[in-house]
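Okay, target01.cif now, which holds mmCIF, C-alpha atoms:
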```
data_upload
loop_
_atom_site.label_atom_id
_atom_site.label_comp_id
_atom_site.auth_asym_id
_atom_site.auth_seq_id
_atom_site.Cartn_x
_atom_site.Cartn_y
_atom_site.Cartn_z
CA MET M 1 0.74 26.76 33.40
CA LYS M 2 -2.79 25.89 32.33
CA ASP M 3 -1.76 26.34 28.71
CA ASP M 4 1.20 24.02 29.15
CA HIS M 5 -1.12 21.38 30.43
CA ASN M 6 -3.53 21.83 27.54
CA ILE M 7 -0.83 21.59 24.94
CA LEU M 8 0.39 18.27 26.39
CA VAL M 9 -3.14 16.89 26.24
CA ALA M 10 -3.43 18.12 22.65
CA LEU M 11 -0.15 16.37 21.76
CA ILE M 12 -1.47 13.09 23.12
CA ALA M 13 -4.86 13.50 21.43
CA VAL M 14 -3.30 14.18 18.04
CA LEU M 15 -0.34 11.77 18.14
CA ALA M 16 -1.72 8.68 19.88
CA PRO M 17 -4.11 7.71 17.05
CA PHE M 18 -1.21 7.95 14.58
CA SER M 19 0.62 5.36 16.64
CA LEU M 20 -1.96 2.73 15.73
CA LEU M 21 -1.93 3.82 12.07
CA SER M 22 1.84 3.58 11.64
CA VAL M 23 1.79 0.28 9.77
CA GLY M 24 4.94 -0.57 7.87
CA GLY M 25 7.49 1.24 9.97
CA GLY M 26 6.01 4.71 10.12
CA SER M 27 6.48 6.32 6.72
CA ALA M 28 2.75 5.81 6.12
CA ILE M 29 1.80 8.40 8.75
CA ILE M 30 4.17 11.18 7.65
CA PRO M 31 1.65 12.94 5.35
CA GLY M 32 -1.09 12.77 7.98
CA LEU M 33 1.26 13.96 10.67
CA GLN M 34 2.31 16.90 8.54
CA HIS M 35 -1.31 17.84 7.87
CA GLN M 36 -2.15 17.82 11.57
CA ALA M 37 0.98 19.53 12.90
CA VAL M 38 1.28 22.16 10.17
CA ASP M 39 -2.19 22.90 8.76
CA ILE M 40 -4.60 22.08 11.54
CA GLN M 41 -2.81 22.56 14.88
CA LYS M 42 -0.35 25.11 13.42
CA TRP M 43 2.34 23.87 15.81
CA ILE M 44 5.13 24.22 13.25
CA THR M 45 5.63 25.58 9.73
CA ALA M 46 5.93 23.37 6.65
CA GLU M 47 9.66 24.20 6.43
CA GLN M 48 10.20 23.17 10.02
CA PHE M 49 8.41 19.91 9.36
CA VAL M 50 10.68 19.07 6.44
CA GLU M 51 13.73 19.94 8.53
CA MET M 52 12.51 17.75 11.41
CA PHE M 53 11.84 14.91 9.01
CA ALA M 54 15.41 15.12 7.73
CA VAL M 55 16.84 15.21 11.25
CA ALA M 56 14.76 12.24 12.40
CA ARG M 57 15.99 10.29 9.40
CA ALA M 58 19.63 11.16 10.05
CA ALA M 59 19.56 10.44 13.79
CA PRO M 60 19.55 6.90 15.19
CA GLY M 61 16.16 5.46 16.06
CA PRO M 62 12.84 5.02 14.28
CA GLY M 63 11.84 7.75 11.80
CA THR M 64 8.76 8.36 13.90
CA MET M 65 11.03 10.08 16.46
CA LEU M 66 9.96 13.06 14.37
CA SER M 67 7.19 13.38 16.95
CA THR M 68 9.83 14.00 19.65
CA LEU M 69 10.94 17.09 17.75
CA ILE M 70 7.39 18.35 17.26
CA GLY M 71 6.75 17.98 20.99
CA TRP M 72 10.04 19.69 21.81
CA LYS M 73 9.17 22.65 19.58
CA VAL M 74 5.71 22.97 21.10
CA ALA M 75 6.38 22.40 24.80
CA GLY M 76 10.08 21.84 25.55
CA TRP M 77 11.31 18.77 27.45
CA ALA M 78 7.86 17.82 28.72
CA GLY M 79 6.48 18.11 25.20
CA ALA M 80 9.29 15.98 23.75
CA LEU M 81 8.70 13.26 26.34
CA VAL M 82 4.92 13.26 26.01
CA ALA M 83 5.03 13.31 22.19
CA THR M 84 7.51 10.40 22.07
CA LEU M 85 5.44 8.25 24.41
CA ALA M 86 2.16 9.18 22.68
CA LEU M 87 3.49 7.90 19.38
CA MET M 88 5.30 4.84 20.77
CA MET M 89 3.14 3.48 23.58
CA PRO M 90 -0.16 2.55 21.87
CA SER M 91 1.48 0.46 19.15
CA ALA M 92 3.89 -1.07 21.69
CA LEU M 93 1.01 -2.07 23.98
CA LEU M 94 -0.89 -3.57 21.07
CA CYS M 95 2.15 -5.57 19.98
CA TYR M 96 2.81 -6.77 23.52
CA GLY M 97 -0.82 -7.80 24.01
CA VAL M 98 -1.14 -9.65 20.72
CA PHE M 99 2.21 -11.37 21.14
CA ARG M 100 1.48 -12.49 24.71
CA LEU M 101 -1.88 -13.81 23.62
CA SER M 102 -0.50 -15.87 20.77
CA ASN M 103 2.56 -17.03 22.74
CA HIS M 104 0.23 -18.34 25.42
CA HIS M 105 -1.01 -20.96 22.96
CA SER M 106 2.39 -21.77 21.51
CA GLU M 107 1.92 -25.54 21.55
CA LYS M 108 -1.41 -25.56 19.70
CA LYS M 109 -1.38 -26.74 16.10
CA TRP M 110 -2.70 -23.45 14.67
CA ASN M 111 0.07 -21.59 16.45
CA ARG M 112 2.78 -23.89 15.12
CA ALA M 113 1.34 -23.51 11.63
CA LEU M 114 1.28 -19.73 12.13
CA ARG M 115 4.93 -19.60 13.15
CA LYS M 116 6.04 -22.01 10.47
CA GLY M 117 4.01 -20.17 7.82
CA LEU M 118 5.08 -16.68 8.87
CA ALA M 119 8.79 -17.55 8.85
CA PRO M 120 9.24 -17.46 5.04
CA VAL M 121 7.16 -14.25 4.88
CA GLY M 122 9.57 -12.73 7.42
CA VAL M 123 12.56 -13.81 5.33
CA GLY M 124 10.94 -12.28 2.22
CA LEU M 125 10.37 -9.04 4.11
CA SER M 126 13.99 -8.89 5.25
CA ILE M 127 15.06 -9.21 1.59
CA ALA M 128 12.66 -6.38 0.68
CA GLY M 129 13.96 -4.40 3.67
CA SER M 130 17.55 -4.78 2.49
CA MET M 131 16.56 -3.49 -0.94
CA THR M 132 14.71 -0.51 0.51
CA LEU M 133 17.59 0.42 2.81
CA PHE M 134 20.03 0.06 -0.06
CA ARG M 135 18.01 2.48 -2.18
CA LEU M 136 17.50 4.84 0.75
CA VAL M 137 21.22 5.32 1.28
CA GLY M 138 21.75 5.94 -2.42
CA GLY M 139 23.15 2.52 -3.37
CA GLY M 140 26.34 2.67 -5.40
CA PHE M 141 29.63 0.83 -5.28
CA ALA M 142 30.59 1.74 -1.71
CA ALA M 143 27.26 0.50 -0.37
CA ALA M 144 27.44 -2.78 -2.29
CA PHE M 145 31.07 -3.37 -1.36
CA ILE M 146 30.68 -2.68 2.35
CA THR M 147 27.46 -4.66 2.55
CA ALA M 148 29.16 -7.62 0.87
CA VAL M 149 32.22 -7.42 3.14
CA SER M 150 30.16 -7.15 6.31
CA THR M 151 27.96 -10.06 5.20
CA MET M 152 31.08 -12.18 4.67
CA LEU M 153 32.54 -11.11 8.02
CA LEU M 154 29.31 -12.02 9.78
CA MET M 155 29.14 -15.40 8.03
CA LEU M 156 32.75 -16.32 8.76
CA ARG M 157 32.93 -14.87 12.27
CA PRO M 158 29.59 -15.60 13.92
CA ASN M 159 30.86 -14.41 17.29
CA MET M 160 32.16 -11.06 16.16
CA SER M 161 30.50 -8.17 17.99
CA ALA M 162 27.94 -6.25 15.94
CA ILE M 163 29.42 -2.94 17.11
CA VAL M 164 32.73 -3.91 15.52
CA VAL M 165 31.01 -4.71 12.21
CA LEU M 166 28.97 -1.48 12.24
CA GLY M 167 32.06 0.52 13.22
CA PHE M 168 34.00 -1.13 10.45
CA GLY M 169 31.30 -0.07 7.97
CA ALA M 170 31.48 3.52 9.23
CA VAL M 171 35.28 3.73 9.10
CA LEU M 172 35.49 2.15 5.66
CA THR M 173 32.86 4.54 4.27
CA VAL M 174 34.71 7.55 5.69
CA LEU M 175 37.96 6.30 4.11
CA MET M 176 36.32 5.55 0.75
CA ARG M 177 34.77 9.01 0.57
CA MET M 178 37.91 10.84 1.59
CA PRO M 179 39.31 13.06 -1.17
CA ILE M 180 42.83 11.83 -1.91
CA MET A 1 29.59 -23.47 12.74
CA SER A 2 27.01 -25.34 10.70
CA ASP A 3 24.12 -23.29 9.51
CA ASN A 4 21.83 -26.08 8.43
CA GLU A 5 21.36 -27.31 11.98
CA SER A 6 19.83 -24.01 13.02
CA GLU A 7 16.48 -25.57 13.92
CA VAL A 8 17.97 -27.21 17.00
CA PRO A 9 19.61 -24.42 18.96
CA THR A 10 20.06 -26.38 22.19
CA ALA A 11 22.25 -28.99 20.57
CA ARG A 12 24.75 -26.46 19.35
CA SER A 13 24.75 -23.89 22.10
CA ILE A 14 28.24 -24.94 23.22
CA ASP A 15 29.96 -22.42 20.99
CA ARG A 16 27.61 -19.65 22.06
CA VAL A 17 28.65 -16.59 24.01
CA GLY A 18 27.39 -15.95 27.54
CA GLU A 19 24.54 -17.49 29.46
CA GLY A 20 20.83 -16.90 29.85
CA PRO A 21 18.93 -13.71 29.00
CA THR A 22 18.79 -11.72 32.26
CA ILE A 23 16.89 -8.42 32.37
CA ALA A 24 20.12 -6.47 32.84
CA ARG A 25 21.64 -8.12 29.79
CA LEU A 26 18.51 -7.46 27.69
CA VAL A 27 18.28 -3.81 28.77
CA LEU A 28 21.95 -3.17 28.08
CA PHE A 29 21.60 -4.77 24.68
CA CYS A 30 18.54 -2.64 23.81
CA LEU A 31 20.43 0.48 24.86
CA LYS A 32 23.22 -0.36 22.42
CA VAL A 33 20.85 -1.18 19.57
CA GLY A 34 18.94 2.09 20.09
CA LEU A 35 22.10 4.18 19.98
CA MET A 36 23.38 2.56 16.79
CA SER A 37 20.12 2.26 14.86
CA PHE A 38 20.86 4.82 12.15
CA GLY A 39 18.37 4.61 9.29
CA GLY A 40 16.48 1.74 10.89
CA GLY A 41 17.29 -1.78 9.77
CA LEU A 42 18.94 -3.02 12.92
CA SER A 43 16.63 -6.03 13.05
CA GLY A 44 19.67 -7.94 11.82
CA TRP A 45 21.45 -7.15 15.06
CA LEU A 46 18.62 -8.63 17.09
CA TYR A 47 18.86 -11.75 14.96
CA ARG A 48 22.57 -11.91 15.50
CA GLU A 49 22.29 -11.54 19.25
CA PHE A 50 19.20 -13.65 19.99
CA VAL A 51 19.68 -16.42 17.43
CA GLN A 52 23.27 -16.58 16.23
CA ARG A 53 25.40 -15.52 19.16
CA ARG A 54 23.32 -16.49 22.18
CA GLY A 55 21.01 -19.16 20.85
CA TRP A 56 18.07 -17.84 22.89
CA MET A 57 15.61 -18.29 20.00
CA THR A 58 15.25 -20.55 16.97
CA ASP A 59 15.49 -19.22 13.43
CA GLU A 60 11.84 -19.97 12.83
CA ASP A 61 10.71 -18.13 15.98
CA PHE A 62 12.74 -15.11 14.96
CA ALA A 63 11.58 -15.01 11.35
CA SER A 64 7.93 -15.36 12.32
CA SER A 65 8.33 -12.63 14.98
CA PHE A 66 9.90 -10.45 12.32
CA ALA A 67 6.90 -10.83 10.00
CA PHE A 68 4.62 -10.24 12.98
CA ALA A 69 6.53 -7.08 14.03
CA GLN A 70 6.20 -5.62 10.55
CA MET A 71 2.51 -6.37 10.20
CA LEU A 72 1.51 -4.58 13.39
CA PRO A 73 1.60 -0.77 13.62
CA GLY A 74 4.65 0.86 15.15
CA PRO A 75 8.36 0.83 14.29
CA THR A 76 9.58 -2.68 13.38
CA ILE A 77 12.56 -2.46 15.71
CA THR A 78 10.33 -1.61 18.71
CA ASN A 79 7.84 -4.36 17.93
CA LEU A 80 10.58 -6.90 17.32
CA THR A 81 12.26 -5.96 20.60
CA ILE A 82 8.95 -6.49 22.38
CA CYS A 83 8.45 -9.92 20.74
CA CYS A 84 12.00 -11.07 21.49
CA CYS A 85 12.26 -9.72 25.03
CA SER A 86 8.82 -10.81 26.21
CA ARG A 87 9.89 -14.44 25.80
CA PHE A 88 12.26 -13.99 28.71
CA THR A 89 10.87 -11.31 30.97
CA GLY A 90 7.56 -9.95 32.28
CA SER A 91 5.77 -6.72 31.46
CA VAL A 92 8.10 -4.58 33.61
CA GLY A 93 11.15 -6.06 31.93
CA VAL A 94 9.71 -5.49 28.47
CA LEU A 95 8.88 -1.90 29.38
CA ALA A 96 12.47 -1.41 30.59
CA CYS A 97 13.76 -2.83 27.30
CA CYS A 98 11.54 -0.50 25.25
CA LEU A 99 12.63 2.54 27.24
CA ALA A 100 16.27 1.48 26.92
CA LEU A 101 15.78 1.17 23.17
CA LEU A 102 14.31 4.66 22.88
CA VAL A 103 16.36 6.67 25.38
CA GLY A 104 19.42 6.93 23.10
CA PRO A 105 17.44 8.02 20.01
CA PHE A 106 15.44 10.47 22.17
CA PHE A 107 18.50 12.49 23.15
CA ALA A 108 20.22 11.93 19.81
CA VAL A 109 17.37 13.34 17.74
CA LEU A 110 17.07 16.42 19.99
CA GLY A 111 20.84 16.89 19.98
CA LEU A 112 21.04 16.60 16.23
CA TYR A 113 18.16 19.03 15.79
CA THR A 114 19.90 21.72 17.82
CA VAL A 115 23.07 21.42 15.77
CA TYR A 116 21.22 20.85 12.50
CA GLY A 117 22.87 22.65 9.64
CA THR A 118 26.38 22.10 10.91
CA LEU A 119 26.53 18.40 11.71
CA SER A 120 24.00 16.87 9.36
CA HIS A 121 25.62 18.52 6.37
CA ASN A 122 29.03 17.44 7.57
CA PRO A 123 30.37 14.88 5.06
CA VAL A 124 32.16 12.86 7.74
CA PHE A 125 29.01 12.51 9.84
CA GLN A 126 27.10 11.59 6.70
CA ALA A 127 29.70 8.97 5.82
CA ILE A 128 29.60 7.48 9.32
CA SER A 129 25.82 7.17 9.38
CA ASP A 130 25.72 5.76 5.83
CA GLY A 131 28.49 3.30 6.69
CA VAL A 132 26.57 2.01 9.70
CA VAL A 133 23.56 1.43 7.45
CA PHE A 134 25.69 -0.42 4.85
CA ALA A 135 26.96 -2.79 7.54
CA ALA A 136 23.43 -3.16 8.94
CA ILE A 137 22.24 -4.32 5.50
CA GLY A 138 24.90 -7.03 5.82
CA MET A 139 23.25 -8.19 9.04
CA LEU A 140 19.87 -8.32 7.29
CA MET A 141 21.48 -10.34 4.50
CA ILE A 142 22.41 -13.01 7.06
CA ILE A 143 18.72 -13.44 7.90
CA CYS A 144 17.97 -13.74 4.17
CA ILE A 145 20.75 -16.23 3.44
CA ARG A 146 20.04 -18.48 6.40
CA GLY A 147 16.30 -18.25 5.82
CA ILE A 148 16.64 -19.33 2.20
CA ARG A 149 19.01 -22.14 3.12
CA ARG A 150 16.60 -23.43 5.73
CA THR A 151 13.70 -23.39 3.27
CA ILE A 152 15.55 -24.86 0.32
CA ALA A 153 14.07 -28.34 0.83
CA PHE A 154 10.53 -26.93 0.72
CA PRO A 155 9.91 -25.21 -2.69
CA PRO A 156 6.53 -23.66 -1.75
CA GLY A 157 8.31 -21.85 1.09
CA LEU A 158 10.89 -20.53 -1.35
CA ALA A 159 8.07 -19.26 -3.56
CA VAL A 160 6.60 -17.39 -0.57
CA ILE A 161 9.99 -15.81 0.20
CA ALA A 162 10.48 -14.77 -3.44
CA GLY A 163 6.90 -13.53 -3.85
CA THR A 164 6.97 -11.41 -0.69
CA ALA A 165 10.38 -9.93 -1.52
CA PHE A 166 9.35 -9.17 -5.10
CA CYS A 167 5.97 -7.56 -4.35
CA VAL A 168 7.25 -5.42 -1.47
CA GLY A 169 10.87 -4.77 -2.48
CA VAL A 170 10.60 -4.47 -6.28
CA LEU A 171 6.99 -3.61 -7.09
CA HIS A 172 6.57 -1.46 -3.92
CA TRP A 173 3.08 -2.75 -3.33
CA PRO A 174 1.61 -1.77 0.05
CA MET A 175 3.14 -4.10 2.61
CA LEU A 176 0.12 -5.02 4.68
CA PRO A 177 -2.12 -6.55 1.98
CA VAL A 178 0.87 -8.34 0.43
CA VAL A 179 1.92 -9.80 3.76
CA LEU A 180 -1.62 -10.84 4.68
CA CYS A 181 -2.02 -12.55 1.32
CA PHE A 182 1.26 -14.46 1.42
CA ALA A 183 0.85 -15.24 5.11
CA ALA A 184 -2.54 -16.84 4.41
CA ILE A 185 -1.06 -19.03 1.66
CA SER A 186 2.04 -19.87 3.64
CA VAL A 187 0.24 -20.72 6.89
CA THR A 188 -2.18 -22.96 4.98
CA LEU A 189 0.78 -24.78 3.40
CA ALA A 190 2.46 -25.11 6.80
CA TRP A 191 -0.76 -26.43 8.35
CA ARG A 192 -0.89 -29.25 5.81
CA THR A 193 2.66 -30.36 6.55
CA LEU A 194 2.12 -30.58 10.31
#
```

Show me, as structure tokens, the structure contained in the file I just sent.
Amino acid sequence: MKDDHNILVALIAVLAPFSLLSVGGGSAIIPGLQHQAVDIQKWITAEQFVEMFAVARAAPGPGTMLSTLIGWKVAGWAGALVATLALMMPSALLCYGVFRLSNHHSEKKWNRALRKGLAPVGVGLSIAGSMTLFRLVGGGFAAAFITAVSTMLLMLRPNMSAIVVLGFGAVLTVLMRMPI
Amino acid sequence: MSDNESEVPTARSIDRVGEGPTIARLVLFCLKVGLMSFGGGLSGWLYREFVQRRGWMTDEDFASSFAFAQMLPGPTITNLTICCCSRFTGSVGVLACCLALLVGPFFAVLGLYTVYGTLSHNPVFQAISDGVVFAAIGMLMIICIRGIRRTIAFPPGLAVIAGTAFCVGVLHWPMLPVVLCFAAISVTLAWRTL
């Protein structure tokens, strides 16, 4: 029982700092996480890490849910829960704090300039994000076609439910990949 | 619907779905987003819900929150959820939204891990998860298209959009310095127009 407790503390101590380092969506901390979990703490083997990375990428949710799997391997349900929160909470608290602080002054001139100035940067990042996602899923004709169709659907039918559009993408991809 | 009036959401909220953002509605929404967020990139869904369908936020508020969410550490989708939801609810509500966002992925990633080897190599599962991502890129494209349209009258803004997209998306430069650099230029430009 004492050991269980210690391992949970160790999970927090190792993972929480990574939370504040995960700038840019989390892929930046993967090498560091691997070094800690595999080489230093020896929680998992290198092969297990690669497998967990693949699973976290395939499953819904942020890629950093990889920590959930590490925690699960090390200490079961409690480990999974603690590891998830350790990697999610610090960055979430920081974001909440900073946002609240800046929103509090939303009518000040500097704040309006900040919002107005950040908007085009955000649009640029969503273009970059589309490109990255496109590459990540392998690109190709099916990807371009379905992306184009769903963009058109969303433009023409602003009230269409997102689930329907996502489901449509899934069904169409299954059909397009089916051997005839 | 007319896209170029997107700066004044109140004037065109007649064709919008539903009413105000209650905690229950936000939590339910986060639960859905979490469950469907294969491969990340569901920021487009938040845009669709908060800006396009419900009219709870302006385009500019969303786009600036999006840049903000990416600059700070942590998954973009979590940070963006926090920024969007904390406009309408207190700390407890935001916490509930975050947990709702993560509860689906939590069980999904553990479930997938236990059946790894059978399901993740299954071509149908692969096709489904890829297909969801393809459609999600479409939702991101809407942010891009409407953002460009909104900025078209202000060429320096267009240059910021193009520069950010090019440096991060094509050249793969580290995001944080690029964003800080363009944000500094862009905020200075915005300051002078106010």

Would you kindly translate the PyMOL selection byres ((chain M and resi 62) around 12) into the concrete residues it picks from this file, as a PyMOL selection string?
(chain M and resi 22+24-27+53+55-61+63-68+84+87-88) or (chain A and resi 33-43+74-79+101-106+108-109)

I need the residue set behind the PyMOL selection byres ((chain M and resi 126) around 8) for this file; please write it as a PyMOL selection string.
(chain M and resi 122-125+127-130) or (chain A and resi 140-141+143-144+165)

Atom CA of Phe154 of chain A to atom CA of Gln52 of chain A, distance in Å rounded to a single decimal:
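If I compute the distance from atom CA of Phe154 of chain A to atom CA of Gln52 of chain A, I get 22.6 Å.
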
Which one is closest to chain M: A:Arg146, A:Arg53, A:Arg25, A:His172? Count all atoms listed in the file.
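Closest residue, counting all atoms listed in the file: A:Arg53.
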
Hey, which of A:Thr89, A:Thr188, A:Ser65, A:Thr118 ends up closest to Val27 of chain A? Count all atoms listed in the file.
A:Thr89

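When the distance limit is 8 Å and only C-alpha atoms are what count, the residues near segment 160-168 of chain M, minus those fewer than 2 positions from it on the same chain, are M:Ser150, M:Leu153, M:Leu154, M:Arg157, M:Pro158, M:Ala170, M:Val171, M:Leu172, A:Trp45, A:Arg48, A:Gly131, A:Val132, A:Val133, A:Ala135, A:Ala136.
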
Once the PyMOL selection byres ((chain A and resi 176) around 12) has been evaluated on this model, what residues remain selected, and can you format them as JSON, numbers by chain?
{"M": [21, 22, 23, 24, 25, 28, 121, 125], "A": [67, 68, 69, 70, 71, 72, 73, 164, 167, 168, 172, 173, 174, 175, 177, 178, 179, 180, 181, 182, 183]}

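When only C-alpha atoms are used to measure the gap to Ile148 of chain A, the shortest distance among A:Val124, A:Ala63, A:Phe166, A:Leu80 belongs to A:Ala63.
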
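Pairwise distance (atom CA of Leu85 of chain M, atom CA of Gln126 of chain A) equals 28.2 Å.
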
Between A:Ser64, A:Thr81, A:Ser129, A:Thr58, which residue has the minimum interatomic distance to Phe29 of chain A, considering all atoms listed in the file?
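For Phe29 of chain A, the nearest of the candidates is A:Thr81.
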
Using all atoms listed in the file, give me every residue within 8 Å of (1.4, -24.0, -3.3) in file coordinates, as an mmCIF file with C-alpha atoms, keeping the file's coordinate frame.
```cif
data_model
loop_
_atom_site.group_PDB
_atom_site.id
_atom_site.type_symbol
_atom_site.label_atom_id
_atom_site.label_comp_id
_atom_site.auth_asym_id
_atom_site.auth_seq_id
_atom_site.Cartn_x
_atom_site.Cartn_y
_atom_site.Cartn_z
ATOM 1 C CA PRO A 156 6.530 -23.660 -1.750
ATOM 2 C CA ILE A 185 -1.060 -19.030 1.660
ATOM 3 C CA LEU A 189 0.780 -24.780 3.400
#
```

Rounded to one decimal in Å, what is the spacing between atom CA of Arg150 of chain A and atom CA of Met155 of chain M?
15.1 Å

Pick out the residues sitting within 8 Å of Phe99 of chain M, and hand them over as an mmCIF file with C-alpha atoms, keeping the file's coordinate frame; count only C-alpha atoms, and ignore anything fewer than 4 positions along from it in its own chain.
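And here's part-v4.cif as it stands now:
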```cif
data_model
loop_
_atom_site.group_PDB
_atom_site.id
_atom_site.type_symbol
_atom_site.label_atom_id
_atom_site.label_comp_id
_atom_site.auth_asym_id
_atom_site.auth_seq_id
_atom_site.Cartn_x
_atom_site.Cartn_y
_atom_site.Cartn_z
ATOM 1 C CA CYS M 95 2.150 -5.570 19.980
ATOM 2 C CA ASN M 103 2.560 -17.030 22.740
ATOM 3 C CA CYS A 83 8.450 -9.920 20.740
#
```

Could you check which of A:Asp59, A:Thr193, A:Tyr116, A:Ile128 is closest to Gln48 of chain M, using all atoms listed in the file?
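Among the listed residues, A:Tyr116 lies closest to Gln48 of chain M.
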
Spatial neighbours of Gly79 of chain M, 10 Å, all atoms listed in the file, chain gap at least 2 places, as a PyMOL selection string
chain M and resi 4-5+7-9+11-12+67-77+81-85

Will you model N, CA, C and O atoms for segment 91-102 of chain A and pass it back as a tab-separated table (two decimals), keeping the file's coordinate frame?
```
chain	number	residue	atom	x	y	z
A	91	SER	N	6.14	-8.01	32.04
A	91	SER	CA	5.77	-6.72	31.46
A	91	SER	C	6.73	-5.61	31.89
A	91	SER	O	7.06	-4.74	31.08
A	92	VAL	N	7.19	-5.63	33.15
A	92	VAL	CA	8.10	-4.58	33.61
A	92	VAL	C	9.42	-4.65	32.85
A	92	VAL	O	9.97	-3.63	32.42
A	93	GLY	N	9.91	-5.86	32.67
A	93	GLY	CA	11.15	-6.06	31.93
A	93	GLY	C	11.04	-5.59	30.50
A	93	GLY	O	11.94	-4.93	29.97
A	94	VAL	N	9.91	-5.90	29.86
A	94	VAL	CA	9.71	-5.49	28.47
A	94	VAL	C	9.64	-3.97	28.38
A	94	VAL	O	10.23	-3.35	27.48
A	95	LEU	N	8.96	-3.36	29.35
A	95	LEU	CA	8.88	-1.90	29.38
A	95	LEU	C	10.28	-1.30	29.50
A	95	LEU	O	10.64	-0.35	28.79
A	96	ALA	N	11.09	-1.89	30.41
A	96	ALA	CA	12.47	-1.41	30.59
A	96	ALA	C	13.25	-1.53	29.29
A	96	ALA	O	14.01	-0.62	28.92
A	97	CYS	N	13.06	-2.64	28.57
A	97	CYS	CA	13.76	-2.83	27.30
A	97	CYS	C	13.35	-1.78	26.28
A	97	CYS	O	14.19	-1.22	25.57
A	98	CYS	N	12.04	-1.51	26.20
A	98	CYS	CA	11.54	-0.50	25.25
A	98	CYS	C	12.11	0.87	25.57
A	98	CYS	O	12.56	1.60	24.68
A	99	LEU	N	12.11	1.23	26.86
A	99	LEU	CA	12.63	2.54	27.24
A	99	LEU	C	14.12	2.62	26.94
A	99	LEU	O	14.62	3.63	26.45
A	100	ALA	N	14.84	1.51	27.21
A	100	ALA	CA	16.27	1.48	26.92
A	100	ALA	C	16.52	1.66	25.43
A	100	ALA	O	17.45	2.35	25.01
A	101	LEU	N	15.64	1.06	24.62
A	101	LEU	CA	15.78	1.17	23.17
A	101	LEU	C	15.58	2.60	22.69
A	101	LEU	O	16.20	3.04	21.74
A	102	LEU	N	14.69	3.34	23.37
A	102	LEU	CA	14.31	4.66	22.88
A	102	LEU	C	15.09	5.81	23.52
A	102	LEU	O	15.09	6.91	23.00
```
